[in-house]
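Student: The following block contains the structure, expressed as structure tokens.
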Amino acid sequence: MKAAEGKALKYGDNVDTDVIIPARYLAIQDKEELASHAMEDIDAQFREKLKAGDLVIGGRNFGCGSSREHAPQVLLTSGVGCVIAESFARIFYRNAINIGLPIIEAPEAAREIAEGDQVKVDFDLGVITDLTTGKSYQGEPFPPFLQEMIDQGGLMNYVNNHHGKI
């Protein structure tokens, strides 16, 4: 996981897990079908606007609400390259790492990056560059072992690769 680059899809504060993936779809077992409903209650065109690698920009407390792993999973399965937010709900933060969804807290970037801006994230340095405006922001990079965990698709793959199959 060295970098992500894509168009910004911007949302506000307190985007909860029920908005990321509405509870009425949680019985769906197929990841792709489940992901087809990502963000539909907050942005009915999310799946049409999103191109693989695009970035979701959130405000404060992104991923609040219930602790379902489905929320970061549908974003990852949809093709989101990274989520940048002012702050994350702690359970969403951990679930994202566990399933391999790149996330980064960067309050100034989350506030200033506009919908549609082209954005690049250097995960090693935690540097976020708004390629549309030319402005760079410093986020908090993950330590190398967490970057490796995300690169390998999350906690289970990381453990299996380093300690044998579970």
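Lettering and numbering for the structure tokens are positional, with chains as A, B, ... in the shown order, residues counted from 1 in each chain, and ligands counted from 1 in the shown order.
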Please list as a PyMOL selection string every residue within 8 Å of region 25-41 of chain A, counting only C-alpha atoms and excluding residues in the same chain fewer than 4 positions away.

Tutor: chain A and resi 19-21+45-47+70+73-75+77-78

Student: Could you produce a table of the residues of region 80-109 of chain A lying within 6 Å of region 134-150 of chain A, with the nearest pair of atoms per residue and their separation in Å rounded to one decimal, using only C-alpha atoms, ordered by chain and increasing residue number, as CSV?

Tutor:
residue,atom,partner,partner_atom,distance
A:Gly100,CA,A:Ile150,CA,4.1
A:Glu105,CA,A:Gly139,CA,5.8
A:Ala106,CA,A:Gly139,CA,4.5
A:Ala109,CA,A:Tyr137,CA,5.8

Student: Could those selected residues go to a file with C-alpha atoms, as a tab-separated table (two decimals), in the first residue's frame?

Tutor:
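What landed in result_29.tsv:
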chain	number	residue	atom	x	y	z
A	100	GLY	CA	-8.07	-4.07	4.56
A	105	GLU	CA	-7.54	10.81	9.64
A	106	ALA	CA	-6.73	14.28	8.36
A	109	ALA	CA	-7.92	17.75	4.32

Student: Using the chain letters and numbers from this document, which residues of chain A does DSSP assign to strand (DSSP E or B), as a PyMOL selection string?

Tutor: chain A and resi 3-10+16+55-58+62+64+82-85+88+103-105+118-122+127-130+135-138

Student: Which of these residues is nearest to Glu86 (chain A), using only C-alpha atoms: A:Glu115, A:Glu69, A:Glu108, A:Asp130?

Tutor: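 The closest residue to Glu86 (chain A) is A:Glu108.
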
Student: Can you tell me, as a ChimeraX atom specification, what residues are no more than 10 Å from region 2-7 of chain A when counting only C-alpha atoms, ignoring any on the same chain fewer than 3 positions away?

Tutor: /A:10,49-57,80-82,102,114-132,147,151

Student: Would you compute the distance between CA of Gly63 (chain A) and CA of Asp43 (chain A)? Give it in Å to one decimal.

Tutor: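 According to the coordinates, CA of Gly63 (chain A) and CA of Asp43 (chain A) are separated by 15.4 Å.
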
Student: Quick one: residues within 9 Å of Ala96 (chain A), only C-alpha atoms, excluding same-chain residues fewer than 2 positions away - as a PDB file with N, CA and C atoms, in the first residue's frame?

Tutor:
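The resulting file, out21.pdb, is shown below:
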ATOM      1  N   GLU A  69     -19.285  -4.990  10.496  1.00  0.00           N
ATOM      2  CA  GLU A  69     -18.148  -5.008   9.566  1.00  0.00           C
ATOM      3  C   GLU A  69     -18.598  -4.784   8.133  1.00  0.00           C
ATOM      4  N   ALA A  71     -20.059  -2.334   6.870  1.00  0.00           N
ATOM      5  CA  ALA A  71     -19.882  -0.955   6.410  1.00  0.00           C
ATOM      6  C   ALA A  71     -18.543  -0.749   5.698  1.00  0.00           C
ATOM      7  N   PRO A  72     -17.405  -1.028   6.333  1.00  0.00           N
ATOM      8  CA  PRO A  72     -16.165  -0.865   5.570  1.00  0.00           C
ATOM      9  C   PRO A  72     -16.056  -1.869   4.420  1.00  0.00           C
ATOM     10  N   GLN A  73     -16.637  -3.047   4.586  1.00  0.00           N
ATOM     11  CA  GLN A  73     -16.555  -4.065   3.531  1.00  0.00           C
ATOM     12  C   GLN A  73     -17.241  -3.607   2.252  1.00  0.00           C
ATOM     13  N   LEU A  76     -15.004  -1.088   0.488  1.00  0.00           N
ATOM     14  CA  LEU A  76     -13.877  -1.767  -0.152  1.00  0.00           C
ATOM     15  C   LEU A  76     -14.333  -2.521  -1.400  1.00  0.00           C
ATOM     16  N   ILE A  91     -14.869   1.853  16.333  1.00  0.00           N
ATOM     17  CA  ILE A  91     -15.151   0.498  15.851  1.00  0.00           C
ATOM     18  C   ILE A  91     -15.041   0.440  14.320  1.00  0.00           C
ATOM     19  N   PHE A  92     -15.463   1.488  13.627  1.00  0.00           N
ATOM     20  CA  PHE A  92     -15.308   1.525  12.170  1.00  0.00           C
ATOM     21  C   PHE A  92     -13.833   1.536  11.814  1.00  0.00           C
ATOM     22  N   TYR A  93     -13.060   2.335  12.538  1.00  0.00           N
ATOM     23  CA  TYR A  93     -11.618   2.447  12.307  1.00  0.00           C
ATOM     24  C   TYR A  93     -10.965   1.073  12.374  1.00  0.00           C
ATOM     25  N   ARG A  94     -11.263   0.338  13.434  1.00  0.00           N
ATOM     26  CA  ARG A  94     -10.656  -0.990  13.606  1.00  0.00           C
ATOM     27  C   ARG A  94     -11.184  -1.986  12.584  1.00  0.00           C
ATOM     28  N   ASN A  98      -9.091  -4.179   9.882  1.00  0.00           N
ATOM     29  CA  ASN A  98      -9.248  -5.638   9.907  1.00  0.00           C
ATOM     30  C   ASN A  98      -9.636  -6.230   8.561  1.00  0.00           C
ATOM     31  N   ILE A  99     -10.368  -5.479   7.733  1.00  0.00           N
ATOM     32  CA  ILE A  99     -10.775  -6.021   6.423  1.00  0.00           C
ATOM     33  C   ILE A  99      -9.927  -5.470   5.277  1.00  0.00           C
ATOM     34  N   GLY A 100      -8.991  -4.551   5.581  1.00  0.00           N
ATOM     35  CA  GLY A 100      -8.067  -4.070   4.557  1.00  0.00           C
ATOM     36  C   GLY A 100      -8.506  -2.827   3.806  1.00  0.00           C
ATOM     37  N   LEU A 101      -9.409  -2.032   4.387  1.00  0.00           N
ATOM     38  CA  LEU A 101      -9.817  -0.773   3.758  1.00  0.00           C
ATOM     39  C   LEU A 101      -8.895   0.342   4.222  1.00  0.00           C
ATOM     40  N   PRO A 102      -8.154   0.978   3.309  1.00  0.00           N
ATOM     41  CA  PRO A 102      -7.282   2.083   3.710  1.00  0.00           C
ATOM     42  C   PRO A 102      -8.101   3.285   4.191  1.00  0.00           C
ATOM     43  N   ILE A 103      -7.733   3.808   5.355  1.00  0.00           N
ATOM     44  CA  ILE A 103      -8.369   4.995   5.922  1.00  0.00           C
ATOM     45  C   ILE A 103      -7.272   5.885   6.476  1.00  0.00           C
ATOM     46  N   ILE A 150      -3.074  -4.037   5.891  1.00  0.00           N
ATOM     47  CA  ILE A 150      -4.048  -3.524   4.923  1.00  0.00           C
ATOM     48  C   ILE A 150      -3.690  -4.000   3.519  1.00  0.00           C
ATOM     49  N   GLY A 154      -6.212  -7.385   5.089  1.00  0.00           N
ATOM     50  CA  GLY A 154      -6.784  -7.377   6.424  1.00  0.00           C
ATOM     51  C   GLY A 154      -6.119  -8.337   7.383  1.00  0.00           C
TER      52      GLY A 154
END

Student: Among the residues of region 9-135 of chain A, find those DSSP assigns to helix (DSSP H, G or I) from the backbone and print them as a PyMOL selection string.

Tutor: chain A and resi 17-20+23-25+31-35+46-49+70-78+90-99+107-112

Student: For CA of Thr133 (chain A) and CA of Pro107 (chain A), quote the distance in Å rounded to one decimal.

Tutor: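 Between CA of Thr133 (chain A) and CA of Pro107 (chain A) the gap is 17.0 Å.
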
Student: Which of these residues is nearest to Ala23 (chain A), using only C-alpha atoms: A:Asn157, A:Val83, A:Gln152, A:Ser67?

Tutor: A:Ser67

Student: So, with only C-alpha atoms as the atoms that count, which of A:Leu9, A:Ala110, A:Ala89, A:Ile104 lies closest to Gly65 (chain A)?

Tutor: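 When distances to Gly65 (chain A) are compared using only C-alpha atoms, the smallest one comes from A:Ala89.
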
Student: Quick one: distance from CA of Asn14 (chain A) to CA of Phe62 (chain A) in Å, one decimal?

Tutor: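 Those two atoms sit 5.4 Å apart.
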